[in-house]
Amino acid sequence: MNVITNHMPTKELQALDAAHHIHPFTDAKELEAAGARIITRADGVTLTDSEGNQILDAMSGLWCVNIGYGRQELVDAATRQMQELPFYNTFFMTSHVPAIALGAKLAEVAPGTLNHVFYAGSGSEANDTNIRMVRHYWASKGKPEKTVLIARKNGYHGSTLGGGSLGGMQVMQWSIDYPERIGNAFVIAAAPKLSTQNIAFNEVARQAIRSDQDFHDGHYNDHAVGPNRGLMLARML
């Protein structure tokens, strides 16, 4: 096993993490009891944790480490940019070379007439911006009443207020409208290319949950219970 230096013992890191770090889409009590896996380094497609275990990062970070870890050319480019201009905004009629160059490149490779770029820090932020832009567009066209957005059921468009409102994922809707239910929230996703058999199993699973007497038409948190028997049946499927 590889020895990792220059960090506190895993247990201490896990305790600090549980005390101060709020993880997304995570049951905090369950995570605190189990302890987070602490990632300390990465190279290529391989992660190393605080215990020296090496792990294949098949998820590419969060589906975004497209060319692997430890690429020296990226380190060099980031170093040069941090030395030259680490940050400046593009409000107030200003711009800067990286924003201009990247915008031109994206316009070059994007299909059709997609030739304008608005930069965002995440998918959620991008979709919130899309909502504002499209509503502003129709308002400027004299049709401010055009505010309805259509999305696919179980489509995921982010976890912010706007992005979470776009999709049909019940857990995202509950996180916005009924935050007290999140502790008992459940989702059985139905991907668009599931087989007929998979779809049937998912529907039976939903019915198993809904038929539980403790489901209370989705208001089970008000009764201080959860549809545990129904959930157990759903997992069995």
# chains A, B, ... in the order shown; residues from 1 in each chain; ligands from 1
>>> select_by_dssp(residues="region 3-184 of chain A", states="alpha helix (DSSP H)", output="MDAnalysis selection string")
chainID A and resid 10:20 28:34 60:63 72:84 97:109 123:140 161:166 170:177
>>> closest_residue(among="A:Ala36, A:Leu85, A:Val45, A:Val148", to="Thr10 (chain A)", atoms="only C-alpha atoms")
A:Ala36
>>> residues_around(residues="region 114-129 of chain A", least_positions_apart="2", cutoff="6 Å", atoms="only C-alpha atoms", output="PyMOL selection string")
chain A and resi 103+107+110+112+131-132+158+160+162-163
>>> residues_around(residues="Asp43 (chain A)", least_positions_apart="3", cutoff="9 Å", atoms="only C-alpha atoms", output="list in words")
Thr46, Leu47, Thr48, Gly68, Tyr69, Gly70 and Arg71 of chain A
>>> select_by_dssp(residues="region 35-130 of chain A", states="strand (DSSP E or B)", output="ChimeraX atom specification")
/A:39-44,46-49,54-56,69
>>> write_last_selection(atoms="all heavy atoms", output="mmCIF file, in the first residue's frame")
data_model
loop_
_atom_site.group_PDB
_atom_site.id
_atom_site.type_symbol
_atom_site.label_atom_id
_atom_site.label_comp_id
_atom_site.auth_asym_id
_atom_site.auth_seq_id
_atom_site.Cartn_x
_atom_site.Cartn_y
_atom_site.Cartn_z
ATOM 1 N N ILE A 39 -10.064 11.695 -0.696
ATOM 2 C CA ILE A 39 -9.200 11.602 -1.864
ATOM 3 C C ILE A 39 -8.056 12.595 -1.698
ATOM 4 O O ILE A 39 -8.270 13.770 -1.394
ATOM 5 C CB ILE A 39 -9.975 11.906 -3.156
ATOM 6 C CG1 ILE A 39 -11.184 10.965 -3.289
ATOM 7 C CG2 ILE A 39 -9.063 11.790 -4.375
ATOM 8 C CD1 ILE A 39 -10.839 9.489 -3.317
ATOM 9 N N THR A 40 -6.826 12.138 -1.904
ATOM 10 C CA THR A 40 -5.664 12.991 -1.648
ATOM 11 C C THR A 40 -4.859 13.325 -2.897
ATOM 12 O O THR A 40 -4.145 14.320 -2.920
ATOM 13 C CB THR A 40 -4.720 12.325 -0.635
ATOM 14 O OG1 THR A 40 -4.319 11.039 -1.146
ATOM 15 C CG2 THR A 40 -5.412 12.142 0.711
ATOM 16 N N ARG A 41 -4.933 12.515 -3.931
ATOM 17 C CA ARG A 41 -4.186 12.816 -5.147
ATOM 18 C C ARG A 41 -4.776 12.030 -6.310
ATOM 19 O O ARG A 41 -5.580 11.119 -6.111
ATOM 20 C CB ARG A 41 -2.699 12.492 -4.986
ATOM 21 C CG ARG A 41 -2.407 11.011 -4.839
ATOM 22 C CD ARG A 41 -0.907 10.712 -4.834
ATOM 23 N NE ARG A 41 -0.248 11.297 -3.667
ATOM 24 C CZ ARG A 41 0.972 10.977 -3.266
ATOM 25 N NH1 ARG A 41 1.662 10.071 -3.936
ATOM 26 N NH2 ARG A 41 1.505 11.532 -2.202
ATOM 27 N N ALA A 42 -4.355 12.416 -7.508
ATOM 28 C CA ALA A 42 -4.838 11.720 -8.703
ATOM 29 C C ALA A 42 -3.815 11.846 -9.809
ATOM 30 O O ALA A 42 -3.083 12.841 -9.894
ATOM 31 C CB ALA A 42 -6.178 12.295 -9.155
ATOM 32 N N ASP A 43 -3.777 10.841 -10.676
ATOM 33 C CA ASP A 43 -2.886 10.870 -11.833
ATOM 34 C C ASP A 43 -3.494 10.013 -12.928
ATOM 35 O O ASP A 43 -3.888 8.859 -12.685
ATOM 36 C CB ASP A 43 -1.496 10.335 -11.458
ATOM 37 C CG ASP A 43 -0.525 10.443 -12.618
ATOM 38 O OD1 ASP A 43 -0.222 11.570 -13.035
ATOM 39 O OD2 ASP A 43 -0.086 9.389 -13.116
ATOM 40 N N GLY A 44 -3.604 10.596 -14.113
ATOM 41 C CA GLY A 44 -4.222 9.845 -15.204
ATOM 42 C C GLY A 44 -5.680 9.565 -14.901
ATOM 43 O O GLY A 44 -6.489 10.485 -14.773
ATOM 44 N N THR A 46 -6.421 7.472 -12.253
ATOM 45 C CA THR A 46 -6.319 6.812 -10.952
ATOM 46 C C THR A 46 -6.362 7.823 -9.813
ATOM 47 O O THR A 46 -5.628 8.810 -9.802
ATOM 48 C CB THR A 46 -5.013 6.005 -10.858
ATOM 49 O OG1 THR A 46 -4.957 5.072 -11.948
ATOM 50 C CG2 THR A 46 -4.951 5.243 -9.545
ATOM 51 N N LEU A 47 -7.242 7.561 -8.846
ATOM 52 C CA LEU A 47 -7.324 8.340 -7.619
ATOM 53 C C LEU A 47 -6.584 7.595 -6.516
ATOM 54 O O LEU A 47 -6.502 6.362 -6.530
ATOM 55 C CB LEU A 47 -8.778 8.522 -7.184
ATOM 56 C CG LEU A 47 -9.752 9.151 -8.177
ATOM 57 C CD1 LEU A 47 -11.168 9.049 -7.639
ATOM 58 C CD2 LEU A 47 -9.375 10.586 -8.458
ATOM 59 N N THR A 48 -6.086 8.342 -5.537
ATOM 60 C CA THR A 48 -5.488 7.741 -4.347
ATOM 61 C C THR A 48 -6.161 8.346 -3.131
ATOM 62 O O THR A 48 -6.306 9.571 -3.045
ATOM 63 C CB THR A 48 -3.971 7.992 -4.286
ATOM 64 O OG1 THR A 48 -3.365 7.493 -5.483
ATOM 65 C CG2 THR A 48 -3.364 7.288 -3.087
ATOM 66 N N ASP A 49 -6.588 7.491 -2.180
ATOM 67 C CA ASP A 49 -7.244 8.026 -0.983
ATOM 68 C C ASP A 49 -6.249 8.152 0.155
ATOM 69 O O ASP A 49 -5.066 7.831 0.027
ATOM 70 C CB ASP A 49 -8.471 7.194 -0.602
ATOM 71 C CG ASP A 49 -8.133 5.801 -0.087
ATOM 72 O OD1 ASP A 49 -6.948 5.517 0.207
ATOM 73 O OD2 ASP A 49 -9.062 4.975 0.027
ATOM 74 N N GLN A 54 -5.649 2.836 -4.238
ATOM 75 C CA GLN A 54 -5.777 3.401 -5.567
ATOM 76 C C GLN A 54 -7.090 2.952 -6.196
ATOM 77 O O GLN A 54 -7.479 1.787 -6.097
ATOM 78 C CB GLN A 54 -4.591 3.015 -6.439
ATOM 79 C CG GLN A 54 -3.282 3.632 -5.947
ATOM 80 C CD GLN A 54 -2.173 3.521 -6.953
ATOM 81 O OE1 GLN A 54 -1.996 2.486 -7.573
ATOM 82 N NE2 GLN A 54 -1.407 4.603 -7.108
ATOM 83 N N ILE A 55 -7.774 3.903 -6.836
ATOM 84 C CA ILE A 55 -9.130 3.679 -7.328
ATOM 85 C C ILE A 55 -9.218 4.163 -8.770
ATOM 86 O O ILE A 55 -8.737 5.263 -9.092
ATOM 87 C CB ILE A 55 -10.150 4.467 -6.465
ATOM 88 C CG1 ILE A 55 -9.946 4.160 -4.984
ATOM 89 C CG2 ILE A 55 -11.576 4.181 -6.905
ATOM 90 C CD1 ILE A 55 -10.295 5.314 -4.074
ATOM 91 N N LEU A 56 -9.838 3.380 -9.632
ATOM 92 C CA LEU A 56 -10.101 3.818 -10.996
ATOM 93 C C LEU A 56 -11.233 4.835 -10.987
ATOM 94 O O LEU A 56 -12.336 4.549 -10.525
ATOM 95 C CB LEU A 56 -10.507 2.618 -11.867
ATOM 96 C CG LEU A 56 -10.965 2.957 -13.295
ATOM 97 C CD1 LEU A 56 -9.823 3.559 -14.101
ATOM 98 C CD2 LEU A 56 -11.535 1.717 -13.978
ATOM 99 N N TYR A 69 -6.135 13.278 -15.021
ATOM 100 C CA TYR A 69 -5.488 14.116 -14.015
ATOM 101 C C TYR A 69 -3.987 14.237 -14.292
ATOM 102 O O TYR A 69 -3.391 13.392 -14.965
ATOM 103 C CB TYR A 69 -5.674 13.507 -12.622
ATOM 104 C CG TYR A 69 -7.108 13.393 -12.177
ATOM 105 C CD1 TYR A 69 -7.823 12.207 -12.345
ATOM 106 C CD2 TYR A 69 -7.760 14.458 -11.563
ATOM 107 C CE1 TYR A 69 -9.139 12.089 -11.922
ATOM 108 C CE2 TYR A 69 -9.071 14.355 -11.139
ATOM 109 C CZ TYR A 69 -9.759 13.165 -11.319
ATOM 110 O OH TYR A 69 -11.056 13.055 -10.898
#
>>> closest_residue(among="A:Lys105, A:Phe91, A:Pro98, A:Ala33", to="Ala18 (chain A)", atoms="only C-alpha atoms")
A:Ala33
>>> closest_residue(among="A:Arg80, A:Gly61, A:Ala104, A:Leu149", to="Arg135 (chain A)", atoms="only C-alpha atoms")
A:Leu149
